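Asker: Before I ask anything, let me first share the structure, which is written out below as structure tokens.
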Number of protein chains: 6
Amino acid sequence: MPSQQQAIRLSLPSKGRLESGALDFLSAAGLRIFKPNPRQYTASIPALPGLGVLFQRPGDIVVSVRQGSVDFGITGIDVIEEKRGGNGDVLVLHDALGFGSCTLTLAVPEAWSSVKDLASLKGFSASLNRPLRVATKFPILTERFLNLHQIPHALIAAEGTLETAPTIGYADIISDLVSSGQTLQDNRLRPLPDGVIQPSQAALIANRNTLMSRPEVLEMARRLLEYVEAHLRAEANLLVIANMRGESPEAIAQKMFTQTIVSGLQGPTISPVIVRDATSHWFSVTIVVHRDQLPQAIAELRSIGGSGIIVSPVTYIFEEEPPRCKAMLEALKQETAPC
Amino acid sequence: MPSQQQAIRLSLPSKGRLESGALDFLSAAGLRIFKPNPRQYTASIPALPGLGVLFQRPGDIVVSVRQGSVDFGITGIDVIEEKRGGNGDVLVLHDALGFGSCTLTLAVPEAWSSVKDLASLKGFSASLNRPLRVATKFPILTERFLNLHQIPHALIAAEGTLETAPTIGYADIISDLVSSGQTLQDNRLRPLPDGVIQPSQAALIANRNTLMSRPEVLEMARRLLEYVEAHLRAEANLLVIANMRGESPEAIAQKMFTQTIVSGLQGPTISPVIVRDATSHWFSVTIVVHRDQLPQAIAELRSIGGSGIIVSPVTYIFEEEPPRCKAMLEALKQETAPC
Amino acid sequence: MPSQQQAIRLSLPSKGRLESGALDFLSAAGLRIFKPNPRQYTASIPALPGLGVLFQRPGDIVVSVRQGSVDFGITGIDVIEEKRGGNGDVLVLHDALGFGSCTLTLAVPEAWSSVKDLASLKGFSASLNRPLRVATKFPILTERFLNLHQIPHALIAAEGTLETAPTIGYADIISDLVSSGQTLQDNRLRPLPDGVIQPSQAALIANRNTLMSRPEVLEMARRLLEYVEAHLRAEANLLVIANMRGESPEAIAQKMFTQTIVSGLQGPTISPVIVRDATSHWFSVTIVVHRDQLPQAIAELRSIGGSGIIVSPVTYIFEEEPPRCKAMLEALKQETAPC
Amino acid sequence: MPSQQQAIRLSLPSKGRLESGALDFLSAAGLRIFKPNPRQYTASIPALPGLGVLFQRPGDIVVSVRQGSVDFGITGIDVIEEKRGGNGDVLVLHDALGFGSCTLTLAVPEAWSSVKDLASLKGFSASLNRPLRVATKFPILTERFLNLHQIPHALIAAEGTLETAPTIGYADIISDLVSSGQTLQDNRLRPLPDGVIQPSQAALIANRNTLMSRPEVLEMARRLLEYVEAHLRAEANLLVIANMRGESPEAIAQKMFTQTIVSGLQGPTISPVIVRDATSHWFSVTIVVHRDQLPQAIAELRSIGGSGIIVSPVTYIFEEEPPRCKAMLEALKQETAPC
Amino acid sequence: MPSQQQAIRLSLPSKGRLESGALDFLSAAGLRIFKPNPRQYTASIPALPGLGVLFQRPGDIVVSVRQGSVDFGITGIDVIEEKRGGNGDVLVLHDALGFGSCTLTLAVPEAWSSVKDLASLKGFSASLNRPLRVATKFPILTERFLNLHQIPHALIAAEGTLETAPTIGYADIISDLVSSGQTLQDNRLRPLPDGVIQPSQAALIANRNTLMSRPEVLEMARRLLEYVEAHLRAEANLLVIANMRGESPEAIAQKMFTQTIVSGLQGPTISPVIVRDATSHWFSVTIVVHRDQLPQAIAELRSIGGSGIIVSPVTYIFEEEPPRCKAMLEALKQETAPC
Amino acid sequence: MPSQQQAIRLSLPSKGRLESGALDFLSAAGLRIFKPNPRQYTASIPALPGLGVLFQRPGDIVVSVRQGSVDFGITGIDVIEEKRGGNGDVLVLHDALGFGSCTLTLAVPEAWSSVKDLASLKGFSASLNRPLRVATKFPILTERFLNLHQIPHALIAAEGTLETAPTIGYADIISDLVSSGQTLQDNRLRPLPDGVIQPSQAALIANRNTLMSRPEVLEMARRLLEYVEAHLRAEANLLVIANMRGESPEAIAQKMFTQTIVSGLQGPTISPVIVRDATSHWFSVTIVVHRDQLPQAIAELRSIGGSGIIVSPVTYIFEEEPPRCKAMLEALKQETAPC
């Protein structure tokens, strides 16, 4: 189907935490996936006409983007680093989508009380008279890490749950993805504090060649990045409106400039409030506040006479110069194209 | 229970895509369904006191509204057209609720390579020496369509999956609801391009006699339509706020009037922004933008100096003269009542 | 684990309607629960660093808060009253979180046609020649209620479904939680109108001693109450914006003051709207409207020339003096601390 | 696919109690269904090579057998009687497969205290001033029954749950399938004792024309009936073996002939038991006992000195002249063919 | 419903491992439960007409049998001992139904390395300066056990999972049901080797008074015990048939008497086997072998020339004098009645 | 845990069709798995004390057996051949357990109408100007097969569903496991008739070194093979008993020897049947019949006067010289040990 080859395609994880994370993320960013039939392996995003959506396993997404059979992918940094290869065809457009967090880590049996870190692991394995057997699904990253730290080892590939490998005798230690650590703890394993091989979360990748050769793909990359960044920024902020008594907008603004959070970067929007039987002037001030700083902002507004404080949600915040978009153009050496 | 007969009642689909669609739609429209016990067949809508909610199969809803045992129903246009009868008792108040989309369509086996459209189907069936056997759950609409196109046929009723009928030998072709087309494709069937019998999506219906004889039901119809229309309009729009430098609100507005999208129908709301150590005036402009035009609106705002662009969600947009409400009153010939 | 004892801990219901209710409530209040692994019995709330979350059965939560092994709990008023004991260690911070509503009620077999209320129940039980057998999971509240009304009885504890007890012969009547009444009806039981032992919904409780001895726990209580109250207030209101023609903001405000709902408590925020080719002045008015009064507010705005009415959601509304926080400080006799 | 038309085909119910009943029944009869992929709509029975299996809704099975698109079907007598038509094409080979029992019955609201039977229903409906509205999914059987009893009525077709129809006002009474009666009771309906329209259970049907024209289909019918009858007979019986002391096989048999159950139709199989240090002769007797009579058979055996009684399961019991097979041949007027 | 009071009633567990265990056990014993509707709380056993079946929580079953509202119950020994009270109304008919095995056991945190048994627990708790807090759902058995071993304690009732109680700080140790020990291990708890309070498995109980006053209930008890015992015996045995060459049945038997397992209690059943072109005599020997001894029995049979060894299942083995039935009659002091 | 290393261990598939197949197979063979807690990764087989059971992914089982961390495994021949390596450590004890059947096969897009077999595939791929891209999870077997047939190719590893790979453009063709072919058909792929790389079903494997060095493991292998073979033989046969009139056992046997199926290998067991008022002698004959030949056996018995034919199930059939056990000993070159 040659026409299908020409469509622009985004591949999403087909399973597990990354799948639900990606669907929720895109939906929250205004890019809801429409998949009319559960048996279909393709879907669309009504807000992005021209973009087809596929579902693949996380690792297959990296392979597909690398060989160019799909143009964009959302998947974990762990498999991106494991499978991206060395030719630079996989370009990371956004490396912090804020979901799917985990860490590829070395873990040893709790019972190995003498092994506290990589140094003591190295000592312990020297006493084994054979290479340390390390079960993993990430042979390339694990090999590179163990070689870097000069720990003699034999890698053992596994299909299923790695955590039981040391108890079964399938391997001595494991190199596995850890999120809460509960599964390790249930299996009496302990992560090594300096055994972090690769921190990971969901990222957006693209095929570099396609971005350079097909302008409509580059345009879609810009659009995707714009939505993603404006959404992530909006998620972290809230619109705060307070009523305040004062002589003039300027007087009110001066009071706000005395504060830490609500002084803002650029200054509040100020509109008159008309009160019945007014003996003094009232104004409504509107500012954007970071979600983490909300309690302090409320306290500050109250301290300068703010009342009736209303907080509203924000869907997007668009910046003037989206940094990820600029980074993409630099990576493609196409600085002339505007973001 | 006579008192129950006097309550106003709305019937919702009890199963499948239409059920979840209706619950999601009403909830998003601020009319969340409250059903404290899953075994109950009735529920209520806290925001619409006085309205009882029932759950029935899509087709039973049409029959109930037609015979007046319930007052309002939300169900598919497909079953409305199949079961509304000819006496005009079923009045369609809103025919595009935006969910449950599908199409009642004729589909033939992929292997019938010579059958490309209704004309060639007619030719093919003439060569059969017997009427074309057509399996369907919509005998009235299918009969009418086949007669209109003068295709000799025998209808075969079916309870279960129609798509396997041609392979089993239960029928030659089918007249079935199609949404994504995936199920047809899985069963090696092909829809005829001019075989569309009835396009469908969810609609709101009411019993015409009840609307005319019971003023409180007519009032409820107005309320329902008002919420539904204000919600559908809100879903399609976003509130966009940008900061802009300028001499005066009027100067800013003039810049916006040069643009296509952000020039708006009526003009922006403009409020002063007080900046620290200001050497020039800043204003905040607020406009409503259609969701589909957001990227272009952002580009236009940037091109005339807009920055710090914030996008907020909208819950309802109320128009001055709700057209569906007026259409209802006209259908009831009660033009004196205001909407 | 001494460090864990020092953390501040909130216990949530681990099962059923109260569990999903609590998770939805906290999430809607901006306090989303993060539980990376379903096998973990602990979780966290990213928006409230320093607070650990546990999951326990509703009744165990009251015991844990009473004995101080956890600091805060969200659970039903029914089990709070049953298990709080008499020493005042369990302090109710908020008694109306708006979910998990039900009522602890006496219910008798439908077939007991002569028993209409407590008085006739008393008469009927006198005719039994033995104490009335009452099955319940709330022995303390039920005992107190039956004694108060001087109904001789024998309580029968039960583990499972109480509703079948009268039919099995396990008991004569039951004292059970009722929400929709459907389960009673399915089992041919009838609640007594004056048999309400305890109305219930979800509440927030804390250990009084911990609040008094650990300032960081008192501070967390303030933070929790602030979020909860601002969220509950926001849920009940909407932000309404309308455009209106008028000579001046003051003139517009005067028109609004003639109305019932939109006259507001404090007065509208009014900003100019700049229209193309304007022959008259337009303004945008913004007010906060209670969700229940929205239809009337829309009607009033239209009646004074309001058009293009936009309704937006609100996330929080912060009052100047949160009443529940003040009540907590009074209960702790720590009036000097500000809320 | 002409070759598929020539295969012999059996259609099984695709849903609900009849589906699981049919799969369990055939498996227990040694005719396990093999369906390698859940998405396939066809399957096979390894013990009956040459027979293809389809899955259809119960009513569609009758239509398929009637029009000859499948050769055999297992479905409920209720839908067989409703949909078999009058031309005799549907031949019932076995009408008591022992699963899927239910009854098509008239049920009235519990509150209609004066309506006790058909006679009082007739009286009541006469007082209505309009025909009795009867909701049903079996219009043909219900029509015939109501006409037979001269009850004026209007039938109302329904897609979903009928039991709520009287409460909703959708109909006055219902004609519905009843198994335990619990669903009627939950909905406060009462079956009329003489309102039984059609008792039902699963039956095996075939297309009469195919049986007559295709010898291999007739042979398959014989095979199916042989397995089904031998299995049903085996299910009802057990093999009982007891040790007994006696002079000779004949003496032992005489003792057994004095009893009621264990005297058997034909007499016991008797084999010697060789005991160590024997002072008397021992024998083992083997008889077939009906499952319902097992306790009495054990008592009888004990009363004549039986000990060490062992009971074994039976898979099939083949009779000399299978009655259903003979009945089939008679119906086809092919008495010369042996069974 | 007086008639219902007169029916004989058996109560089964309504939940969890005991429920599925009881259903499987009764079905395997030929007493399949028939429950036509999942919403019904009653069922029947077609093989035992006259016996009604109820479903209750394990503990409620004991209360029901004790107060006589049901006649028989199958539930765990753990709750029987906890709730049977002291008046002897609950009679245990069979105490080893072979499913639902678990043990009520004291378990302490793994971290308490000095606590190895009850003695060291006593020492440890003395060092606490307060009573040991013990969380349990079995207060009576636990209280009795701790008093017996003179361990000062405070019991803490819990509704939900006990295993997390020590980590939460809800209690110091727990007294809980343990089957595999996995849940304890997952929660870092360790059972005390001499901390076994009550071993448990499913048992059959009856109300003593009903057995004595209602002969039909006593007869049903006999029938139940007969089926249960014959089934349990059959489950443990297999029927083994071997062909063997020999001069006579007696010669063959003598060879078998030289062996350990196949020499049997009573001697083999021996029948002639007629072989084509026979130069020597062949016989078939049939014996009953305990399932655990099957491999050795096969080896013994082979060693004396056995070939073509066939093993068949057994459904029941009835003994001459069922011991549990006799024990029941003795407990009721009704020795004259035969078993 | 040194003691655990010394236990004998069997690893079973932890997922999918192979898991349920293995559990059902072992249970039917009298080797039911006991796993008291679903979270445990180990289990036991009560009938085989001393054998521990693990659950692993199919491929990990082969690796575990090869490296000796477990002693026995049941898994698919497909992964055994892919992962057994070349050193002969994996010994296949039984290669036809009768479940988990599938075939590793090459499949091409349906649309490649010119590609009918390997020869035309080779031709087609020559026209591609690049190696044929073949997606597979079995690189070793696929590589070997493609090299053998001299088809130039590039293998592409995949984690997820292979069947969509050609449509996505991820690969040109696939080498995948096929059972019913439905999934291929759904994805418009076609298996090549001579593209079968490896037929597969479940097999029992062992570590060769452990068998040779640990006699208790060899003994367990004998026990496992004995059970497995006796069960598989029993599954295919039934015990048939018929009554027959005749002068003597010999006369009856002669009649049977005239038939094809019931003449048997060794001759029938014949016992007298004592009939009431007998005018002739009756005998019971017992034979073993292959399940597939049952209908013919019944016909033959009837033709020589057999009546009252009873068929019983068989649990095991033990042969004198189990061939798989002998094959194992030969493979281990330990012919002196008896089987």
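If you're wondering about the labels, chains in the structure tokens are A, B, ... by order shown, residues count from 1 in each chain, ligands from 1 in order shown.
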With DSSP run on the backbone, what are the alpha helix (DSSP H) residues within segment 81-211 of chain D? I'd like them as a ChimeraX atom specification.
Answerer: /D:81-83,118-126,139-148,165-168,182-186,208-211
Asker: Counting only C-alpha atoms, which residues of chain C come no farther than 9 Å from chain D, as a ChimeraX atom specification?
Answerer: /C:185-187
Asker: Quick one: pull the distance between atom CA of Gly68 of chain B and atom CA of Thr210 of chain B, Å, one decimal.
Answerer: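 Between these atoms lies a distance of 7.2 Å.
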Asker: Env of Ile33 of chain A: 12 Å cut, atoms = only C-alpha atoms, seq-sep filter 2 positions within chain, self excluded. Answer as a PyMOL selection string.
Answerer: chain A and resi 10-12+19-20+22-31+35-37+42-49+51-55
Asker: As a PDB file with N, CA and C atoms, in the first residue's frame, please: the residues near Arg84 of chain D (cut-off 9 Å, only C-alpha atoms, same-chain neighbours under 5 positions excluded).
Answerer:
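Written output follows (part.pdb):
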```pdb
ATOM      1  N   VAL D  62     -32.316 -22.078  14.267  1.00  0.00           N
ATOM      2  CA  VAL D  62     -33.535 -22.666  13.708  1.00  0.00           C
ATOM      3  C   VAL D  62     -33.711 -22.233  12.259  1.00  0.00           C
ATOM      4  N   VAL D  63     -33.489 -20.931  11.996  1.00  0.00           N
ATOM      5  CA  VAL D  63     -33.621 -20.441  10.623  1.00  0.00           C
ATOM      6  C   VAL D  63     -32.620 -21.144   9.713  1.00  0.00           C
ATOM      7  N   VAL D  65     -31.200 -24.109  10.032  1.00  0.00           N
ATOM      8  CA  VAL D  65     -31.569 -25.504   9.789  1.00  0.00           C
ATOM      9  C   VAL D  65     -32.779 -25.548   8.859  1.00  0.00           C
ATOM     10  N   ARG D  66     -33.738 -24.639   9.064  1.00  0.00           N
ATOM     11  CA  ARG D  66     -34.940 -24.647   8.235  1.00  0.00           C
ATOM     12  C   ARG D  66     -34.598 -24.410   6.770  1.00  0.00           C
ATOM     13  N   VAL D  79     -37.292 -21.507  20.976  1.00  0.00           N
ATOM     14  CA  VAL D  79     -37.090 -20.864  19.674  1.00  0.00           C
ATOM     15  C   VAL D  79     -37.376 -21.820  18.520  1.00  0.00           C
ATOM     16  N   ASP D  89     -39.767 -28.625   7.551  1.00  0.00           N
ATOM     17  CA  ASP D  89     -38.360 -28.800   7.195  1.00  0.00           C
ATOM     18  C   ASP D  89     -37.481 -29.027   8.411  1.00  0.00           C
ATOM     19  N   VAL D  90     -37.938 -28.554   9.577  1.00  0.00           N
ATOM     20  CA  VAL D  90     -37.137 -28.741  10.799  1.00  0.00           C
ATOM     21  C   VAL D  90     -37.598 -30.022  11.495  1.00  0.00           C
TER      22      VAL D  90
END
```
Asker: Based on the backbone DSSP call, show me all residues of segment 195-291 of chain E assigned strand (DSSP E), as a PyMOL selection string.
Answerer: chain E and resi 195-200+202-207+237-245+269-273+282-290
Asker: Would you pick out the contacts of Asn87 of chain E at 12 Å or less, using only C-alpha atoms, so that residues sharing its chain but fewer than 6 positions from it are not included, and give the list as a list of chain:residue names?
Answerer: E:Arg66, E:Gln67, E:Asn207, E:Arg208, E:Asn209
Asker: Would you save the residues from that selection as a CSV table (one decimal), in the first residue's frame, using all heavy atoms?
Answerer:
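Okay, out.csv is ready:
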```csv
chain,number,residue,atom,x,y,z
E,66,ARG,N,-25.9,-23.2,65.4
E,66,ARG,CA,-26.1,-23.1,66.8
E,66,ARG,C,-27.5,-22.7,67.2
E,66,ARG,O,-28.1,-23.4,68.1
E,66,ARG,CB,-25.0,-22.1,67.4
E,66,ARG,CG,-24.9,-22.3,68.9
E,66,ARG,CD,-23.9,-21.3,69.4
E,66,ARG,NE,-24.4,-20.0,69.3
E,66,ARG,CZ,-23.7,-18.9,69.3
E,66,ARG,NH1,-22.4,-18.9,69.4
E,66,ARG,NH2,-24.2,-17.7,69.1
E,67,GLN,N,-28.0,-21.7,66.6
E,67,GLN,CA,-29.4,-21.3,67.0
E,67,GLN,C,-30.5,-22.1,66.3
E,67,GLN,O,-31.7,-21.8,66.5
E,67,GLN,CB,-29.5,-19.8,66.8
E,67,GLN,CG,-29.6,-19.3,65.4
E,67,GLN,CD,-29.9,-17.8,65.2
E,67,GLN,OE1,-29.7,-17.1,66.1
E,67,GLN,NE2,-30.4,-17.5,64.1
E,207,ASN,N,-27.0,-29.2,64.0
E,207,ASN,CA,-27.7,-28.8,65.2
E,207,ASN,C,-28.1,-30.0,66.0
E,207,ASN,O,-28.9,-30.8,65.5
E,207,ASN,CB,-28.8,-27.8,65.0
E,207,ASN,CG,-29.5,-27.4,66.3
E,207,ASN,OD1,-30.2,-28.1,66.9
E,207,ASN,ND2,-29.2,-26.1,66.7
E,208,ARG,N,-27.6,-30.2,67.2
E,208,ARG,CA,-27.9,-31.4,68.0
E,208,ARG,C,-29.3,-31.6,68.3
E,208,ARG,O,-29.9,-32.7,68.1
E,208,ARG,CB,-27.1,-31.4,69.3
E,208,ARG,CG,-27.3,-32.5,70.2
E,208,ARG,CD,-26.8,-32.3,71.6
E,208,ARG,NE,-25.3,-32.1,71.6
E,208,ARG,CZ,-24.5,-33.1,71.7
E,208,ARG,NH1,-25.0,-34.4,71.9
E,208,ARG,NH2,-23.2,-32.9,71.7
E,209,ASN,N,-30.0,-30.5,68.7
E,209,ASN,CA,-31.4,-30.6,69.1
E,209,ASN,C,-32.3,-31.1,67.9
E,209,ASN,O,-33.2,-31.9,68.0
E,209,ASN,CB,-31.9,-29.3,69.6
E,209,ASN,CG,-31.1,-28.8,70.8
E,209,ASN,OD1,-30.6,-29.6,71.5
E,209,ASN,ND2,-30.9,-27.5,70.9
```
Asker: Fewer than 3 positions away in the same chain doesn't count, so skip those; otherwise give me all residues within 8 Å of Ser271 of chain B, counting only C-alpha atoms, as a list in words.
Answerer: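 In the requested form, the answer reads Thr269, Ile270 and Ser271 of chain A; Pro249, Phe283, Ser284 and Val285 of chain B; Ser271 and Pro272 of chain C.
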Asker: Export C-alpha atoms of the chosen residues as a compact mmCIF listing (two decimals), in the first residue's frame?
Answerer:
```txt
# COMPACT_ATOMS: atom_id res chain seq x y z
CA THR A 269 -3.94 41.74 34.64
CA ILE A 270 -6.14 44.15 36.55
CA SER A 271 -9.81 44.92 35.88
CA PRO B 249 -7.07 48.92 23.91
CA PHE B 283 -2.77 44.70 27.83
CA SER B 284 -4.36 41.34 28.15
CA VAL B 285 -6.69 40.31 25.32
CA SER C 271 -13.66 44.97 31.23
CA PRO C 272 -14.07 46.74 27.92
```
Asker: Could you pull the residues within 10 Å of His281 of chain C, counting only C-alpha atoms, minus those fewer than 3 positions along the same chain, as a PyMOL selection string?
Answerer: chain C and resi 244-249+272-275+278
Asker: Figure out the distance between atom CA of Gln182 of chain F and atom CA of Asp117 of chain F, please, to one decimal in Å.
Answerer: 19.8 Å
Asker: Can you work out the spacing between atom CA of Pro295 of chain F and atom CA of Phe318 of chain D in Å, to one decimal?
Answerer: 10.3 Å
